[in-house]
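Just below is one structure, and these are the notes that go with it.
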Amino acid sequence: MAGMKSLNDTLIEAVGASNVLRDEPMSAHTTFRVGGPADWFVTPGSADELRAVLLICKEQGARPYVMGRGSNLLVADEGLRGVVVQIAQNMADVDVADDGVVTAQAGVTNAKVAALACRAGLAGYEFAAGIPGTVGGAAIMNAGAYDGEFRDVAVGVTCLTADYEVVKVPAAQADWSYRHSMMGDAGMIVLDATLQLRPGDPEAIQARMDDLAQRRSSKQPLDMPSAGSTFKRPPGHFAGKLIQDAGLQGHAVGGAMVSPKHAGFVVNTGDATANDVLQLIQEVQATVQSQFGVTLEPEVRLWGFDL
């Protein structure tokens, strides 16, 4: 169309030049530390800017990829053709009210919310202190650990719908279950979440978080790049136990390895490619399927692969 501004110029108009990066390596933005370049990497600072970026993508025919802090993501070595939109530190405000209501923007880390709640003498979010990633991701996936889940404390979330409308979703409509939500099904983007926490003793809350952190570090390979648990828990089984029983602990493809410490984790030993990780995931799936007849479904999201 004559006179139409370039995608680059329009994105810069929407969020500012410092928040638009070209050919940005996704290895810098995923906890796996792998992944090729994204054509554009954009960090909006508000719901209005986020909406503007998504509308620009729609108008100019560019595919948007919306992410948080990349803790549940495997990006192909070839990178991503389109616009990666990151909701992270630019949208990370937290408000802690006297009545125990916490309002957290989608880009804030679960660890920070847990720490602020502890300081305010509010209990209930300790389970999430060690869950990498953001409140937005936790809301979409109903993140959980150590007998706690996001839905246990959530009052509701504010989302952007697939039609770019801002809507409030109360907990009763969120349909949270294991690693699932209605918002995820509907392609919504979480903008913020409201949590109801309960009064507690800060020292006791901190002690619980310290205990969970110690338990986590003793069992999980936190010293190596990974995306956390690689597979969802199959009904009636534990993914890590199946992988261990299949004799796959320590099994490697290139620089990707099934962790000897916890078989549920695929780790980057230092020089893994995304293709190494993907091939290892597929080999684990095939072996567990043939030995036990159980289908392992990745918990990690796969972007940019021709599957």
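Residues in the structure tokens are named by chain (A, B, ... in the order shown) and by number from 1 within that chain; ligands are numbered from 1 in the order shown.
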
Quiz item: Got a sec: who's within 12 Å of A:Pro37, counting only C-alpha atoms, leaving out chain neighbours fewer than 2 positions off, as a PyMOL selection string?
Solution: chain A and resi 21-30+34-35+39-41+75-84+303-304

Export N, CA and C atoms of the chosen residues as a PDB file, in the first residue's frame?
ATOM      1  N   LEU A  21      14.113  -4.508  19.146  1.00  0.00           N
ATOM      2  CA  LEU A  21      15.402  -5.052  18.739  1.00  0.00           C
ATOM      3  C   LEU A  21      15.225  -5.861  17.459  1.00  0.00           C
ATOM      4  N   ARG A  22      16.207  -5.787  16.566  1.00  0.00           N
ATOM      5  CA  ARG A  22      16.195  -6.562  15.324  1.00  0.00           C
ATOM      6  C   ARG A  22      17.134  -7.745  15.438  1.00  0.00           C
ATOM      7  N   ASP A  23      16.715  -8.880  14.832  1.00  0.00           N
ATOM      8  CA  ASP A  23      17.564 -10.079  14.769  1.00  0.00           C
ATOM      9  C   ASP A  23      18.146 -10.438  16.148  1.00  0.00           C
ATOM     10  N   GLU A  24      17.265 -10.457  17.141  1.00  0.00           N
ATOM     11  CA  GLU A  24      17.686 -10.691  18.524  1.00  0.00           C
ATOM     12  C   GLU A  24      17.792 -12.192  18.800  1.00  0.00           C
ATOM     13  N   PRO A  25      18.970 -12.667  19.281  1.00  0.00           N
ATOM     14  CA  PRO A  25      19.117 -14.104  19.553  1.00  0.00           C
ATOM     15  C   PRO A  25      18.203 -14.536  20.700  1.00  0.00           C
ATOM     16  N   MET A  26      17.374 -15.531  20.446  1.00  0.00           N
ATOM     17  CA  MET A  26      16.456 -16.009  21.479  1.00  0.00           C
ATOM     18  C   MET A  26      17.170 -16.804  22.560  1.00  0.00           C
ATOM     19  N   SER A  27      18.404 -17.216  22.292  1.00  0.00           N
ATOM     20  CA  SER A  27      19.196 -17.886  23.324  1.00  0.00           C
ATOM     21  C   SER A  27      19.415 -16.974  24.526  1.00  0.00           C
ATOM     22  N   ALA A  28      19.334 -15.659  24.310  1.00  0.00           N
ATOM     23  CA  ALA A  28      19.506 -14.697  25.406  1.00  0.00           C
ATOM     24  C   ALA A  28      18.236 -14.533  26.237  1.00  0.00           C
ATOM     25  N   HIS A  29      17.141 -15.120  25.775  1.00  0.00           N
ATOM     26  CA  HIS A  29      15.848 -14.873  26.424  1.00  0.00           C
ATOM     27  C   HIS A  29      15.117 -16.154  26.814  1.00  0.00           C
ATOM     28  N   THR A  30      15.803 -17.290  26.763  1.00  0.00           N
ATOM     29  CA  THR A  30      15.197 -18.543  27.203  1.00  0.00           C
ATOM     30  C   THR A  30      16.111 -19.203  28.222  1.00  0.00           C
ATOM     31  N   VAL A  34      19.203 -21.625  24.324  1.00  0.00           N
ATOM     32  CA  VAL A  34      19.345 -21.976  22.913  1.00  0.00           C
ATOM     33  C   VAL A  34      18.269 -21.218  22.131  1.00  0.00           C
ATOM     34  N   GLY A  35      18.423 -21.184  20.822  1.00  0.00           N
ATOM     35  CA  GLY A  35      17.420 -20.557  19.962  1.00  0.00           C
ATOM     36  C   GLY A  35      18.023 -19.483  19.089  1.00  0.00           C
ATOM     37  N   ASP A  39      13.136 -12.040  14.222  1.00  0.00           N
ATOM     38  CA  ASP A  39      13.189 -10.873  13.330  1.00  0.00           C
ATOM     39  C   ASP A  39      13.064  -9.576  14.124  1.00  0.00           C
ATOM     40  N   TRP A  40      12.071  -9.547  15.020  1.00  0.00           N
ATOM     41  CA  TRP A  40      11.890  -8.406  15.929  1.00  0.00           C
ATOM     42  C   TRP A  40      11.669  -8.932  17.346  1.00  0.00           C
ATOM     43  N   PHE A  41      12.173  -8.197  18.323  1.00  0.00           N
ATOM     44  CA  PHE A  41      11.973  -8.532  19.732  1.00  0.00           C
ATOM     45  C   PHE A  41      11.513  -7.249  20.417  1.00  0.00           C
ATOM     46  N   VAL A  75      13.104 -22.673  21.440  1.00  0.00           N
ATOM     47  CA  VAL A  75      13.023 -21.962  20.161  1.00  0.00           C
ATOM     48  C   VAL A  75      14.009 -22.579  19.176  1.00  0.00           C
ATOM     49  N   ALA A  76      13.560 -22.804  17.967  1.00  0.00           N
ATOM     50  CA  ALA A  76      14.377 -23.456  16.932  1.00  0.00           C
ATOM     51  C   ALA A  76      15.657 -22.678  16.645  1.00  0.00           C
ATOM     52  N   ASP A  77      16.675 -23.420  16.206  1.00  0.00           N
ATOM     53  CA  ASP A  77      17.961 -22.803  15.870  1.00  0.00           C
ATOM     54  C   ASP A  77      17.832 -21.795  14.737  1.00  0.00           C
ATOM     55  N   GLU A  78      16.828 -22.012  13.879  1.00  0.00           N
ATOM     56  CA  GLU A  78      16.627 -21.090  12.742  1.00  0.00           C
ATOM     57  C   GLU A  78      15.984 -19.783  13.185  1.00  0.00           C
ATOM     58  N   GLY A  79      15.529 -19.730  14.431  1.00  0.00           N
ATOM     59  CA  GLY A  79      14.918 -18.507  14.927  1.00  0.00           C
ATOM     60  C   GLY A  79      13.451 -18.409  14.565  1.00  0.00           C
ATOM     61  N   LEU A  80      12.921 -17.191  14.643  1.00  0.00           N
ATOM     62  CA  LEU A  80      11.492 -16.956  14.470  1.00  0.00           C
ATOM     63  C   LEU A  80      11.262 -15.837  13.461  1.00  0.00           C
ATOM     64  N   ARG A  81      10.418 -16.134  12.482  1.00  0.00           N
ATOM     65  CA  ARG A  81      10.046 -15.120  11.508  1.00  0.00           C
ATOM     66  C   ARG A  81       8.784 -14.419  12.016  1.00  0.00           C
ATOM     67  N   GLY A  82       8.952 -13.224  12.485  1.00  0.00           N
ATOM     68  CA  GLY A  82       7.825 -12.484  13.040  1.00  0.00           C
ATOM     69  C   GLY A  82       8.290 -11.614  14.184  1.00  0.00           C
ATOM     70  N   VAL A  83       7.361 -11.300  15.075  1.00  0.00           N
ATOM     71  CA  VAL A  83       7.620 -10.363  16.163  1.00  0.00           C
ATOM     72  C   VAL A  83       7.444 -11.077  17.501  1.00  0.00           C
ATOM     73  N   VAL A  84       8.534 -11.217  18.247  1.00  0.00           N
ATOM     74  CA  VAL A  84       8.438 -11.746  19.610  1.00  0.00           C
ATOM     75  C   VAL A  84       8.095 -10.579  20.538  1.00  0.00           C
ATOM     76  N   TRP A 303       8.701 -23.513  19.639  1.00  0.00           N
ATOM     77  CA  TRP A 303       8.464 -22.433  18.675  1.00  0.00           C
ATOM     78  C   TRP A 303       9.450 -22.531  17.518  1.00  0.00           C
ATOM     79  N   GLY A 304       8.904 -22.397  16.313  1.00  0.00           N
ATOM     80  CA  GLY A 304       9.755 -22.286  15.126  1.00  0.00           C
ATOM     81  C   GLY A 304      10.144 -23.600  14.493  1.00  0.00           C
TER      82      GLY A 304
END

Practice problem: Give the strand (DSSP E) residues of stretch 7-227 of chain A, as DSSP finds them on the backbone, and put them as number ranges by chain. | Solution: A: 20-25, 37-42, 64-67, 73-75, 80-86, 94-96, 101-105, 122-123, 144-145, 148-149, 154-160, 166-170, 189-196, 198-199

Quiz prompt | atom CA of A:Arg215 to atom CA of A:Val113, distance in Å rounded to a single decimal | solution = 20.1 Å

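The smallest atom-to-atom distance between A:Gly130 and any of A:Ser259, A:Ser217, A:Ser46, A:Asn142, using only C-alpha atoms, is found for A:Ser217.
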
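Proximity to A:Lys241 was assessed for A:Gly264, A:Pro170, A:Gly133, A:Gly121 counting only C-alpha atoms; the smallest distance is recorded for A:Gly264.
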
Self-check item: Residue neighbourhood A:Gly136, 9 Å, only C-alpha atoms, exclusion window fewer than 5 positions, as a list of chain:residue names
Solution: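 After dropping sequence-adjacent residues, the list is A:Gly68, A:Ile87, A:Ala104, A:Gln105, A:Ala106, A:Gly107, A:Val108, A:Thr109, A:Met141, A:Val157, A:Ile189, A:Val190, A:Leu191, A:Asp192, A:Ala193.
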
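Nearest to A:Gly270 of all the residues A:Gly255, A:Pro234, A:Gly45, A:Gly16 is A:Gly255, based on only C-alpha atoms.
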
Quiz item: Distance atom CA of A:Gly240-atom CA of A:Ala263, one decimal place?
Solution: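 That distance, rounded to one decimal, is 4.7 Å.
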
Practice problem: Please measure the separation of atom CA of A:Gln173 and atom CA of A:Thr134, giving the value in Å to one decimal. | Solution: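 Atom CA of A:Gln173 sits 21.1 Å away from atom CA of A:Thr134.
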
Practice problem: Could you tell me which of A:Val267, A:Ala92, A:Val20, A:Leu248 comes closest to A:Thr230 if we count only C-alpha atoms? | Solution: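 Of A:Val267, A:Ala92, A:Val20, A:Leu248, the one nearest A:Thr230, counting only C-alpha atoms, is A:Val267.
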
Quiz item: Which residue, A:Ala252, A:Ala139, A:Leu50, A:Cys118, has the smallest gap to A:Ser181 when you use only C-alpha atoms?
Solution: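 Looking at the shortest contact to A:Ser181, the residue is A:Ala139.
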